[in-house]
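Asks: So I've got this file, target.tsv, and it contains TSV, C-alpha atoms and all ligand atoms:
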```tsv
chain	number	residue	atom	x	y	z
S	8	MET	CA	0.00	0.00	0.00
S	9	GLY	CA	1.53	3.33	-1.09
S	10	LEU	CA	1.74	6.45	0.97
S	11	PHE	CA	-1.35	7.96	-0.52
S	12	ASP	CA	-3.35	4.82	-0.26
S	13	VAL	CA	-2.51	5.04	3.42
S	14	PHE	CA	-3.65	8.67	3.52
S	15	LYS	CA	-6.78	7.84	1.64
S	16	LYS	CA	-7.63	4.89	3.81
S	17	LYS	CA	-6.91	6.80	6.98
S	18	SER	CA	-8.90	9.78	5.94
S	19	ASN	CA	-11.78	7.60	4.86
S	20	ASP	CA	-11.65	5.73	8.12
S	21	GLU	CA	-11.08	8.56	10.48
S	22	GLN	CA	-11.94	11.90	9.02
S	23	ASN	CA	-15.15	13.31	10.36
S	24	ILE	CA	-16.72	15.36	7.68
S	25	LYS	CA	-17.85	18.61	9.12
S	26	ASP	CA	-20.77	20.28	7.53
S	27	THR	CA	-20.07	23.80	6.54
S	28	THR	CA	-23.46	24.53	5.12
S	29	ASN	CA	-26.55	24.91	7.22
S	30	ASP	CA	-27.72	21.45	7.75
S	31	ALA	CA	-25.27	18.78	8.62
S	32	ASN	CA	-26.83	15.39	8.56
S	33	GLU	CA	-29.50	15.32	5.95
S	34	ASN	CA	-27.54	14.35	2.91
S	35	GLN	CA	-29.03	10.87	2.85
S	36	ASP	CA	-31.97	12.37	1.03
S	37	VAL	CA	-29.85	13.87	-1.64
S	38	VAL	CA	-29.97	12.35	-5.07
S	39	LYS	CA	-26.68	10.84	-6.14
S	40	GLU	CA	-25.96	12.07	-9.57
S	41	ASP	CA	-24.38	10.65	-12.63
S	42	GLU	CA	-20.84	11.28	-13.56
S	43	VAL	CA	-20.20	14.54	-15.32
S	44	SER	CA	-19.65	13.87	-18.93
S	45	SER	CA	-16.46	15.02	-20.46
S	46	ASP	CA	-15.03	15.10	-23.88
S	47	GLU	CA	-11.32	15.09	-23.49
S	48	SER	CA	-10.68	14.84	-27.19
S	49	ASN	CA	-12.09	18.28	-27.59
S	50	SER	CA	-10.51	20.03	-24.67
S	51	VAL	CA	-9.37	23.55	-25.42
S	52	ASP	CA	-6.33	24.98	-23.77
S	53	ILE	CA	-6.70	28.59	-22.85
S	54	GLU	CA	-3.48	30.27	-21.82
S	55	THR	CA	-3.68	33.30	-19.61
S	56	SER	CA	-0.53	34.67	-21.06
S	57	ASP	CA	1.35	34.40	-24.35
S	58	ASP	CA	4.58	34.09	-22.56
S	59	ASN	CA	5.31	31.32	-20.11
S	60	ASP	CA	7.90	33.26	-18.14
S	61	VAL	CA	5.53	36.15	-17.67
S	62	SER	CA	2.79	33.74	-16.69
S	63	GLN	CA	5.01	32.08	-14.13
S	64	GLU	CA	6.13	35.42	-12.78
S	65	LYS	CA	2.53	36.51	-12.30
S	66	PHE	CA	1.72	33.19	-10.70
S	67	THR	CA	4.54	33.40	-8.21
S	68	ASP	CA	3.79	37.07	-7.53
S	69	GLY	CA	0.25	36.14	-6.70
S	70	LEU	CA	1.48	33.39	-4.48
S	71	GLU	CA	3.85	35.73	-2.71
S	72	LYS	CA	1.93	35.78	0.52
S	73	SER	CA	1.23	32.08	0.54
S	74	ARG	CA	4.78	31.27	-0.41
S	75	THR	CA	6.35	33.78	1.91
S	76	THR	CA	4.54	32.53	4.93
S	77	PHE	CA	4.81	28.84	4.15
S	78	GLY	CA	8.31	29.37	2.80
S	79	ASP	CA	9.27	31.58	5.75
S	80	ARG	CA	8.29	28.86	8.13
S	81	LEU	CA	10.35	26.29	6.30
S	82	ASN	CA	13.25	28.72	6.09
S	83	GLN	CA	13.01	29.38	9.77
S	84	LEU	CA	12.99	25.67	10.40
S	85	PHE	CA	16.17	25.25	8.41
S	86	ALA	CA	17.74	28.35	9.97
S	87	ASN	CA	17.35	26.69	13.36
S	88	PHE	CA	18.70	23.44	11.99
S	89	ARG	CA	21.33	21.86	14.21
S	90	SER	CA	21.14	18.21	13.28
S	91	VAL	CA	18.65	15.70	11.93
S	92	ASP	CA	17.25	14.74	15.27
S	93	GLU	CA	13.77	14.03	16.55
S	94	GLU	CA	13.24	17.68	17.48
S	95	PHE	CA	13.86	18.69	13.89
S	96	PHE	CA	11.25	16.25	12.61
S	97	GLU	CA	8.74	17.39	15.20
S	98	ASP	CA	9.25	20.99	14.08
S	99	LEU	CA	8.88	19.91	10.47
S	100	GLU	CA	5.62	18.16	11.27
S	101	ASP	CA	4.30	21.29	13.01
S	102	THR	CA	5.25	23.42	10.02
S	103	LEU	CA	3.42	21.11	7.65
S	104	ILE	CA	0.33	21.00	9.84
S	105	GLU	CA	0.26	24.81	10.02
S	106	SER	CA	0.43	25.10	6.24
S	107	ASP	CA	-2.69	22.96	6.05
S	108	VAL	CA	-1.46	19.96	4.13
S	109	GLY	CA	-3.69	18.09	6.56
S	110	PHE	CA	-2.90	16.38	9.83
S	111	GLU	CA	-2.72	12.85	8.45
S	112	MET	CA	-0.57	13.95	5.58
S	113	ALA	CA	1.76	15.97	7.79
S	114	VAL	CA	2.34	13.00	10.07
S	115	ASN	CA	2.78	10.52	7.24
S	116	LEU	CA	4.93	12.84	5.20
S	117	THR	CA	7.21	13.40	8.18
S	118	ASP	CA	7.51	9.65	8.66
S	119	GLN	CA	8.42	9.20	5.02
S	120	LEU	CA	10.94	11.99	5.20
S	121	ARG	CA	12.52	10.46	8.30
S	122	ASP	CA	13.08	7.27	6.31
S	123	GLU	CA	14.24	9.07	3.20
S	124	VAL	CA	16.75	11.21	5.09
S	125	LYS	CA	18.13	8.06	6.73
S	126	LEU	CA	18.19	6.18	3.44
S	127	GLN	CA	20.08	8.92	1.65
S	128	ASN	CA	22.28	9.47	4.68
S	129	ALA	CA	21.53	13.20	4.50
S	130	LYS	CA	23.23	15.06	7.31
S	131	SER	CA	23.94	18.64	6.40
S	132	ARG	CA	21.22	21.25	6.27
S	133	ASP	CA	21.37	21.51	2.48
S	134	GLU	CA	21.19	17.77	2.01
S	135	VAL	CA	18.18	17.44	4.28
S	136	GLN	CA	16.47	20.41	2.66
S	137	ASN	CA	16.94	18.96	-0.81
S	138	VAL	CA	15.58	15.58	0.25
S	139	ILE	CA	12.48	17.23	1.67
S	140	ILE	CA	11.79	19.45	-1.32
S	141	GLN	CA	12.36	16.62	-3.77
S	142	LYS	CA	10.10	14.31	-1.83
S	143	MET	CA	7.27	16.83	-1.73
S	144	ILE	CA	7.54	17.48	-5.45
S	145	ASN	CA	7.56	13.75	-6.18
S	146	ILE	CA	4.53	13.16	-4.03
S	147	TYR	CA	2.69	15.98	-5.71
S	148	ASP	CA	3.51	14.74	-9.20
S	149	GLU	CA	2.84	11.07	-8.48
S	150	ASN	CA	-0.58	11.64	-7.18
S	151	GLY	CA	-1.88	13.70	-10.04
S	152	ASP	CA	-1.13	11.28	-12.84
S	153	ASP	CA	-4.72	10.57	-13.76
S	154	GLU	CA	-5.98	14.11	-13.33
S	155	ASN	CA	-6.77	16.40	-16.21
S	156	PRO	CA	-6.45	20.04	-15.26
S	157	ASP	CA	-7.98	21.26	-18.53
S	158	ILE	CA	-11.58	22.32	-18.97
S	159	HIS	CA	-13.63	19.75	-20.91
S	160	PHE	CA	-15.37	21.26	-23.85
S	161	ALA	CA	-18.47	20.01	-25.60
S	162	SER	CA	-17.75	18.27	-28.88
S	163	GLU	CA	-20.37	20.47	-30.46
S	164	GLY	CA	-22.72	23.16	-29.27
S	165	PRO	CA	-22.39	25.15	-26.07
S	166	THR	CA	-20.15	24.03	-23.22
S	167	VAL	CA	-21.97	24.38	-19.92
S	168	ILE	CA	-20.00	25.05	-16.75
S	169	LEU	CA	-21.77	24.95	-13.42
S	170	PHE	CA	-20.20	26.67	-10.41
S	171	VAL	CA	-20.95	25.29	-6.99
S	172	GLY	CA	-19.67	25.96	-3.47
S	173	VAL	CA	-20.74	27.42	-0.15
S	174	ASN	CA	-21.40	31.11	0.21
S	175	GLY	CA	-18.61	33.63	-0.02
S	176	VAL	CA	-15.99	31.34	-1.54
S	177	GLY	CA	-15.78	33.32	-4.79
S	178	LYS	CA	-18.10	31.64	-7.31
S	179	THR	CA	-19.49	34.82	-8.83
S	180	THR	CA	-16.09	36.52	-8.89
S	181	THR	CA	-14.52	33.49	-10.57
S	182	ILE	CA	-17.25	33.51	-13.24
S	183	GLY	CA	-16.59	37.20	-13.81
S	184	LYS	CA	-12.88	36.53	-14.26
S	185	MET	CA	-13.32	33.41	-16.36
S	186	ALA	CA	-15.94	34.97	-18.64
S	187	ASN	CA	-13.50	37.74	-19.35
S	188	MET	CA	-10.68	35.30	-20.03
S	189	TYR	CA	-12.72	33.22	-22.49
S	190	LYS	CA	-14.25	36.24	-24.16
S	191	ASN	CA	-10.76	37.56	-24.77
S	192	ALA	CA	-9.91	34.17	-26.24
S	193	GLY	CA	-12.64	34.74	-28.83
S	194	LYS	CA	-15.47	32.74	-27.28
S	195	LYS	CA	-19.12	33.78	-27.25
S	196	VAL	CA	-19.97	33.73	-23.55
S	197	LEU	CA	-23.31	33.67	-21.76
S	198	LEU	CA	-23.90	33.92	-18.00
S	199	ALA	CA	-26.89	32.51	-16.12
S	200	ALA	CA	-27.78	34.22	-12.83
S	201	ALA	CA	-29.15	31.11	-11.13
S	202	ASP	CA	-28.37	32.37	-7.64
S	203	THR	CA	-31.78	33.89	-7.14
S	204	PHE	CA	-31.66	33.28	-3.41
S	205	ARG	CA	-29.24	35.82	-2.02
S	206	ALA	CA	-30.24	39.47	-2.22
S	207	GLY	CA	-27.88	41.27	-4.56
S	208	ALA	CA	-26.49	38.14	-6.20
S	209	ILE	CA	-28.16	38.79	-9.55
S	210	GLN	CA	-26.97	42.37	-9.61
S	211	GLN	CA	-23.44	41.27	-8.74
S	212	LEU	CA	-23.30	38.92	-11.72
S	213	ASP	CA	-24.98	41.51	-13.91
S	214	GLU	CA	-22.20	43.96	-13.08
S	215	TRP	CA	-19.61	41.40	-14.10
S	216	ALA	CA	-21.49	40.79	-17.37
S	217	LYS	CA	-21.45	44.52	-18.14
S	218	ARG	CA	-17.79	44.84	-17.19
S	219	ASP	CA	-16.82	41.81	-19.29
S	220	GLY	CA	-19.11	42.79	-22.17
S	221	VAL	CA	-20.87	39.40	-22.19
S	222	ASP	CA	-24.57	38.50	-22.18
S	223	ILE	CA	-26.57	37.38	-19.18
S	224	VAL	CA	-29.87	35.61	-18.52
S	225	LYS	CA	-31.50	36.79	-15.32
S	226	LYS	CA	-34.88	36.82	-13.66
S	227	GLU	CA	-36.25	38.49	-10.57
S	228	GLU	CA	-35.01	37.55	-7.08
S	229	GLN	CA	-36.43	34.38	-5.52
S	230	SER	CA	-37.53	33.00	-8.88
S	231	ASP	CA	-36.85	29.34	-9.62
S	232	PRO	CA	-33.13	28.93	-10.40
S	233	SER	CA	-33.95	26.09	-12.80
S	234	ALA	CA	-36.19	28.43	-14.78
S	235	VAL	CA	-33.19	30.70	-15.25
S	236	VAL	CA	-31.08	27.74	-16.34
S	237	TYR	CA	-33.85	26.61	-18.73
S	238	GLU	CA	-33.97	29.97	-20.42
S	239	ALA	CA	-30.19	30.27	-20.51
S	240	VAL	CA	-29.54	26.86	-22.02
S	241	HIS	CA	-32.16	27.54	-24.74
S	242	LYS	CA	-30.59	30.86	-25.54
S	243	ALA	CA	-27.13	29.32	-25.57
S	244	LYS	CA	-28.25	26.67	-28.06
S	245	ASP	CA	-30.42	28.87	-30.26
S	246	GLU	CA	-27.91	31.68	-30.48
S	247	ASN	CA	-24.79	29.55	-30.77
S	248	TYR	CA	-22.95	30.54	-27.64
S	249	ASP	CA	-19.68	28.74	-27.02
S	250	ILE	CA	-19.81	28.73	-23.22
S	251	LEU	CA	-22.55	29.06	-20.64
S	252	PHE	CA	-21.43	29.81	-17.09
S	253	VAL	CA	-24.07	29.06	-14.45
S	254	ASP	CA	-23.79	30.88	-11.11
S	255	THR	CA	-25.52	29.06	-8.25
S	256	ALA	CA	-26.48	29.97	-4.70
S	257	GLY	CA	-23.99	29.16	-1.97
S	258	ARG	CA	-26.67	29.05	0.64
S	259	LEU	CA	-30.28	27.96	0.67
S	260	GLN	CA	-32.53	27.21	3.62
S	261	ASN	CA	-30.59	24.03	4.18
S	262	LYS	CA	-28.20	21.66	2.54
S	263	VAL	CA	-30.85	19.33	1.16
S	264	ASN	CA	-32.47	22.24	-0.65
S	265	LEU	CA	-29.13	23.27	-2.01
S	266	MET	CA	-28.29	19.83	-3.33
S	267	ASN	CA	-31.78	19.24	-4.69
S	268	GLU	CA	-31.64	22.56	-6.45
S	269	LEU	CA	-28.40	21.58	-8.11
S	270	ALA	CA	-29.87	18.24	-9.15
S	271	LYS	CA	-32.88	19.98	-10.65
S	272	MET	CA	-30.69	22.41	-12.60
S	273	LYS	CA	-28.72	19.53	-13.99
S	274	LYS	CA	-31.89	17.76	-15.08
S	275	VAL	CA	-33.01	20.86	-16.96
S	276	LEU	CA	-29.61	21.10	-18.61
S	277	THR	CA	-29.41	17.48	-19.71
S	278	ARG	CA	-32.86	17.67	-21.26
S	279	GLU	CA	-31.50	20.28	-23.65
S	280	ILE	CA	-27.89	19.16	-23.93
S	281	PRO	CA	-27.51	15.48	-22.97
S	282	ASP	CA	-23.85	15.68	-21.93
S	283	ALA	CA	-24.23	18.93	-19.98
S	284	PRO	CA	-22.93	20.15	-17.63
S	285	HIS	CA	-19.51	19.58	-19.12
S	286	GLU	CA	-17.89	20.79	-15.93
S	287	VAL	CA	-19.07	21.17	-12.37
S	288	LEU	CA	-16.47	23.36	-10.77
S	289	LEU	CA	-16.40	23.40	-7.01
S	290	VAL	CA	-15.08	26.71	-5.76
S	291	LEU	CA	-13.11	26.55	-2.51
S	292	ASP	CA	-11.71	29.40	-0.43
S	293	SER	CA	-8.12	28.45	0.38
S	294	THR	CA	-8.03	30.71	3.44
S	295	THR	CA	-10.43	28.33	5.16
S	296	GLY	CA	-7.81	25.60	4.97
S	297	GLN	CA	-9.00	22.22	6.15
S	298	ASN	CA	-12.55	23.50	6.27
S	299	ALA	CA	-12.43	23.85	2.49
S	300	LEU	CA	-11.47	20.22	2.30
S	301	SER	CA	-14.46	19.20	4.38
S	302	GLN	CA	-16.73	21.22	2.10
S	303	ALA	CA	-15.24	19.53	-0.91
S	304	LYS	CA	-15.86	16.08	0.53
S	305	LEU	CA	-19.44	16.97	1.21
S	306	PHE	CA	-20.08	18.32	-2.27
S	307	LYS	CA	-18.29	15.40	-3.84
S	308	GLU	CA	-20.65	13.02	-2.07
S	309	THR	CA	-23.73	14.58	-3.57
S	310	THR	CA	-22.68	16.26	-6.78
S	311	ALA	CA	-20.49	15.02	-9.59
S	312	VAL	CA	-17.78	17.63	-9.13
S	313	SER	CA	-15.30	17.58	-12.01
S	314	GLY	CA	-12.73	20.06	-10.78
S	315	ILE	CA	-11.75	22.66	-8.24
S	316	VAL	CA	-11.22	26.38	-8.40
S	317	LEU	CA	-9.13	27.40	-5.44
S	318	THR	CA	-9.64	31.07	-4.62
S	319	LYS	CA	-7.90	33.62	-2.39
S	320	LEU	CA	-4.53	31.97	-2.62
S	321	ASP	CA	-3.17	35.51	-2.54
S	322	GLY	CA	-4.18	35.94	1.06
S	323	THR	CA	-3.14	32.80	2.81
S	324	ALA	CA	-0.34	30.89	4.42
S	325	LYS	CA	-2.31	27.76	3.83
S	326	GLY	CA	-0.93	26.95	0.39
S	327	GLY	CA	-0.43	23.39	1.58
S	328	ILE	CA	-4.16	22.87	1.04
S	329	VAL	CA	-3.35	22.18	-2.62
S	330	LEU	CA	-1.40	19.10	-1.57
S	331	ALA	CA	-4.24	18.01	0.68
S	332	ILE	CA	-6.79	18.39	-2.13
S	333	ARG	CA	-4.73	16.31	-4.47
S	334	ASN	CA	-4.04	13.61	-1.94
S	335	GLU	CA	-7.39	13.32	-0.29
S	336	LEU	CA	-9.91	14.26	-2.95
S	337	HIS	CA	-8.26	13.27	-6.19
S	338	LEU	CA	-9.93	16.15	-7.92
S	339	PRO	CA	-7.90	18.33	-10.24
S	340	VAL	CA	-7.43	21.97	-9.29
S	341	LYS	CA	-8.22	23.67	-12.60
S	342	TYR	CA	-7.95	27.34	-11.77
S	343	VAL	CA	-6.67	29.41	-8.88
S	344	GLY	CA	-7.79	32.86	-7.77
S	345	LEU	CA	-4.96	35.19	-6.82
S	346	GLY	CA	-6.90	38.38	-6.06
S	347	GLU	CA	-10.14	40.24	-6.61
S	348	LYS	CA	-9.33	41.82	-9.96
S	349	VAL	CA	-10.58	40.45	-13.28
S	350	THR	CA	-7.05	39.42	-14.27
S	351	ASP	CA	-6.38	37.58	-11.01
S	352	LEU	CA	-7.24	34.10	-12.26
S	353	ARG	CA	-4.70	31.56	-13.41
S	354	LYS	CA	-4.95	28.22	-14.99
S	355	PHE	CA	-3.46	25.94	-12.39
S	356	ASP	CA	-0.05	24.60	-13.20
S	357	ALA	CA	1.39	22.18	-10.67
S	358	ASN	CA	5.00	22.89	-11.52
S	359	ASP	CA	4.54	26.64	-11.32
S	360	PHE	CA	2.76	26.17	-8.05
S	361	ILE	CA	5.47	24.02	-6.49
S	362	TYR	CA	8.03	26.41	-7.85
S	363	GLY	CA	6.09	29.28	-6.28
S	364	LEU	CA	5.93	27.59	-2.92
S	365	PHE	CA	9.55	26.61	-2.83
S	366	LYS	CA	11.07	29.53	-4.65
S	367	GLY	CA	13.87	30.93	-2.58
S	368	LEU	CA	14.29	27.73	-0.66
S	369	ILE	CA	16.34	25.88	-3.21
S	370	LYS	CA	19.76	27.42	-3.28
R	401	LIG	N1	-8.34	38.12	-2.27
R	401	LIG	C1	-9.20	37.46	-3.03
R	401	LIG	N2	-10.52	37.69	-2.90
R	401	LIG	C2	-11.38	36.99	-3.68
R	401	LIG	C3	-10.92	36.02	-4.62
R	401	LIG	N3	-12.02	35.49	-5.21
R	401	LIG	C4	-13.10	36.10	-4.67
R	401	LIG	N4	-12.73	37.01	-3.74
R	401	LIG	C5	-13.58	37.86	-2.90
R	401	LIG	O1	-14.38	37.04	-2.07
R	401	LIG	C6	-15.65	37.66	-1.81
R	401	LIG	C7	-16.78	36.71	-2.12
R	401	LIG	O2	-16.78	36.43	-3.51
R	401	LIG	P1	-18.11	36.04	-4.32
R	401	LIG	O3	-17.67	35.83	-5.72
R	401	LIG	O4	-19.19	37.00	-4.07
R	401	LIG	O5	-18.43	34.65	-3.63
R	401	LIG	P2	-19.67	33.67	-3.93
R	401	LIG	O6	-19.17	32.29	-3.80
R	401	LIG	O7	-20.30	34.04	-5.22
R	401	LIG	O8	-20.62	33.99	-2.71
R	401	LIG	P3	-22.25	33.79	-2.61
R	401	LIG	O9	-22.83	34.41	-3.81
R	401	LIG	O10	-22.60	34.48	-1.34
R	401	LIG	O11	-22.48	32.33	-2.51
R	401	LIG	C8	-15.66	38.92	-2.66
R	401	LIG	O12	-15.33	40.03	-1.86
R	401	LIG	C9	-14.57	38.67	-3.70
R	401	LIG	O13	-13.99	39.85	-4.19
R	401	LIG	C10	-9.50	35.80	-4.73
R	401	LIG	O14	-8.99	34.96	-5.50
R	401	LIG	N5	-8.70	36.54	-3.91
R	402	MG	MG	-22.23	34.52	-5.70
```
Just give me the structure as structure tokens.

Replies:
Amino acid sequence: MGLFDVFKKKSNDEQNIKDTTNDANENQDVVKEDEVSSDESNSVDIETSDDNDVSQEKFTDGLEKSRTTFGDRLNQLFANFRSVDEEFFEDLEDTLIESDVGFEMAVNLTDQLRDEVKLQNAKSRDEVQNVIIQKMINIYDENGDDENPDIHFASEGPTVILFVGVNGVGKTTTIGKMANMYKNAGKKVLLAAADTFRAGAIQQLDEWAKRDGVDIVKKEEQSDPSAVVYEAVHKAKDENYDILFVDTAGRLQNKVNLMNELAKMKKVLTREIPDAPHEVLLVLDSTTGQNALSQAKLFKETTAVSGIVLTKLDGTAKGGIVLAIRNELHLPVKYVGLGEKVTDLRKFDANDFIYGLFKGLIK
């Protein structure tokens, strides 16, 4: 059994999923949905920048805070390095826990590193540091082999992307950013304001539509979200839109309502476009750390999530959550939010991310 099988088993066995929406224990009623269809052969790669170096620079700039704090802690650990003794490994474990890679992972990773350091007979600070960095990069790479970080596009007709997640994580903002990105890439973009629940939500998306110069389907507050989706998917088909982004409510009266609402929206979509939605992107706020992971587990149980958008990575020391997501959820992080501005969205690139986290550490 490999390291991550151990993590997976342990987290399945032991992790208590906390409910972060209103109603914790009612998900038995929720309809389990079919897998999200995907057409990998037709995936389109949208670059956020023409130039890779520039893109990486922006990425690492955005990660500055996350990197600095996580990196600072690791640097501090190595600055205090005297020898590879038990105290060092305890400090390492604490550092990993604080960066939110997850408790299980921090403990297991430290165990693995203990063995690896012994195996490679690493003694000096630089040797130990290199072993640790290399190991973390290997683990990250290994575990993402079967994950596709690209957006799946419909083979023909509109691609429908549904955004889900609890309130305040950044769904609407991400749609605003992504709509802009795809519009600039020459796509015909339509937004559906299917969060009819929260006061101001429709207006918020409407403002993004105006700012981005894209079209929107909206109805009055409290109207049936599925009616909005119905109208939007018809419009998208009839008027040959390339992409339909559906904004959903982060909070309803309770979790069952929320999940049922999502199921209903999907039913309306599939009636019009059988393989829709082509993506269900779960938006997670990285500043909530392990809580984000619990939310993800909950959504994954009830909705066929196809990928993650990790927001607010600009404001957190908890960059380790990316490792936790990969290891515990096996869902690809597709995009990351690095700020509130329209340009603060990046396609997730694992190497850039690792580089961002460890930049300055490798001498
Ligand atoms: N710093 C930072 N702030 C972000 C990012 N993404 C979103 N935000 C902010 O987070 C707040 C909530 O974002 P929304 O897009 O309204 O979140 P939501 O998920 O649509 O929330 P509900 O509609 O209430 O469910 C806003 O103030 C956004 O500007 C990000 O990547 N970085
Ligand atoms: Mg919203």

Asks: List all protein, DNA and RNA residues that have at least one atom no more than 6 Å from any atom of ligand LIG 401 (chain R), counting all atoms listed in the file, and write them as number ranges by chain.

Replies: S: 173-180, 208, 256-257, 318-319, 321-322, 344-347

Asks: Counting all atoms listed in the file, what is within 7 Å of stretch 228-245 of chain S, bar same-chain residues fewer than 4 positions away, as a list in words?

Replies: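 Neighbouring residues, sequence-local ones excluded: Gly164, Pro165, Leu197, Ala199, Ala200, Ala201, Asp202, Thr203, Phe204, Val224, Leu251, Lys271, Met272, Val275 and Leu276 of chain S.
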
Asks: Now that the selection is made, can you save its residues with C-alpha atoms as an mmCIF file, keeping the file's coordinate frame?

Replies:
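Once everything was written out, this is selection-v4.cif:
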```cif
data_model
loop_
_atom_site.group_PDB
_atom_site.id
_atom_site.type_symbol
_atom_site.label_atom_id
_atom_site.label_comp_id
_atom_site.auth_asym_id
_atom_site.auth_seq_id
_atom_site.Cartn_x
_atom_site.Cartn_y
_atom_site.Cartn_z
ATOM 1 C CA GLY S 164 -22.720 23.160 -29.270
ATOM 2 C CA PRO S 165 -22.390 25.150 -26.070
ATOM 3 C CA LEU S 197 -23.310 33.670 -21.760
ATOM 4 C CA ALA S 199 -26.890 32.510 -16.120
ATOM 5 C CA ALA S 200 -27.780 34.220 -12.830
ATOM 6 C CA ALA S 201 -29.150 31.110 -11.130
ATOM 7 C CA ASP S 202 -28.370 32.370 -7.640
ATOM 8 C CA THR S 203 -31.780 33.890 -7.140
ATOM 9 C CA PHE S 204 -31.660 33.280 -3.410
ATOM 10 C CA VAL S 224 -29.870 35.610 -18.520
ATOM 11 C CA LEU S 251 -22.550 29.060 -20.640
ATOM 12 C CA LYS S 271 -32.880 19.980 -10.650
ATOM 13 C CA MET S 272 -30.690 22.410 -12.600
ATOM 14 C CA VAL S 275 -33.010 20.860 -16.960
ATOM 15 C CA LEU S 276 -29.610 21.100 -18.610
#
```

Asks: In Å, with one decimal, what is the gap from atom CA of S:Ser90 to atom CA of S:Ser131?

Replies: 7.4 Å

Asks: Pick from S:Ile140, S:Val108, S:Ala206, S:Ile315: nearest to ligand MG 402 (chain R), with all atoms listed in the file counted?

Replies: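 Selected residue with least distance to ligand MG 402 (chain R): S:Ala206.
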
Asks: Point out the residue among S:Phe306, S:Asn247, S:Val316, S:Gln297 with the least atom-to-atom distance to S:Phe110, counting all atoms listed in the file.

Replies: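 Ranking S:Phe306, S:Asn247, S:Val316, S:Gln297 by distance to S:Phe110, first place goes to S:Gln297.
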
Asks: How many Å lie between atom CA of S:Asn264 and atom CA of S:Phe170, rounded to one decimal?

Replies: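 Calculated distance between atom CA of S:Asn264 and atom CA of S:Phe170 is 16.3 Å.
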
Asks: I want to know what sits within 8 Å of S:Leu338, based on all atoms listed in the file, with residues of the same chain fewer than 4 positions away left out; could you give that as number ranges by chain?

Replies: S: 154, 313-315, 332-333

Asks: Which is closer to ligand MG 402 (chain R) than all the others in S:Asn191, S:Thr294, S:Ser301, S:Thr181, using all atoms listed in the file?

Replies: S:Thr181
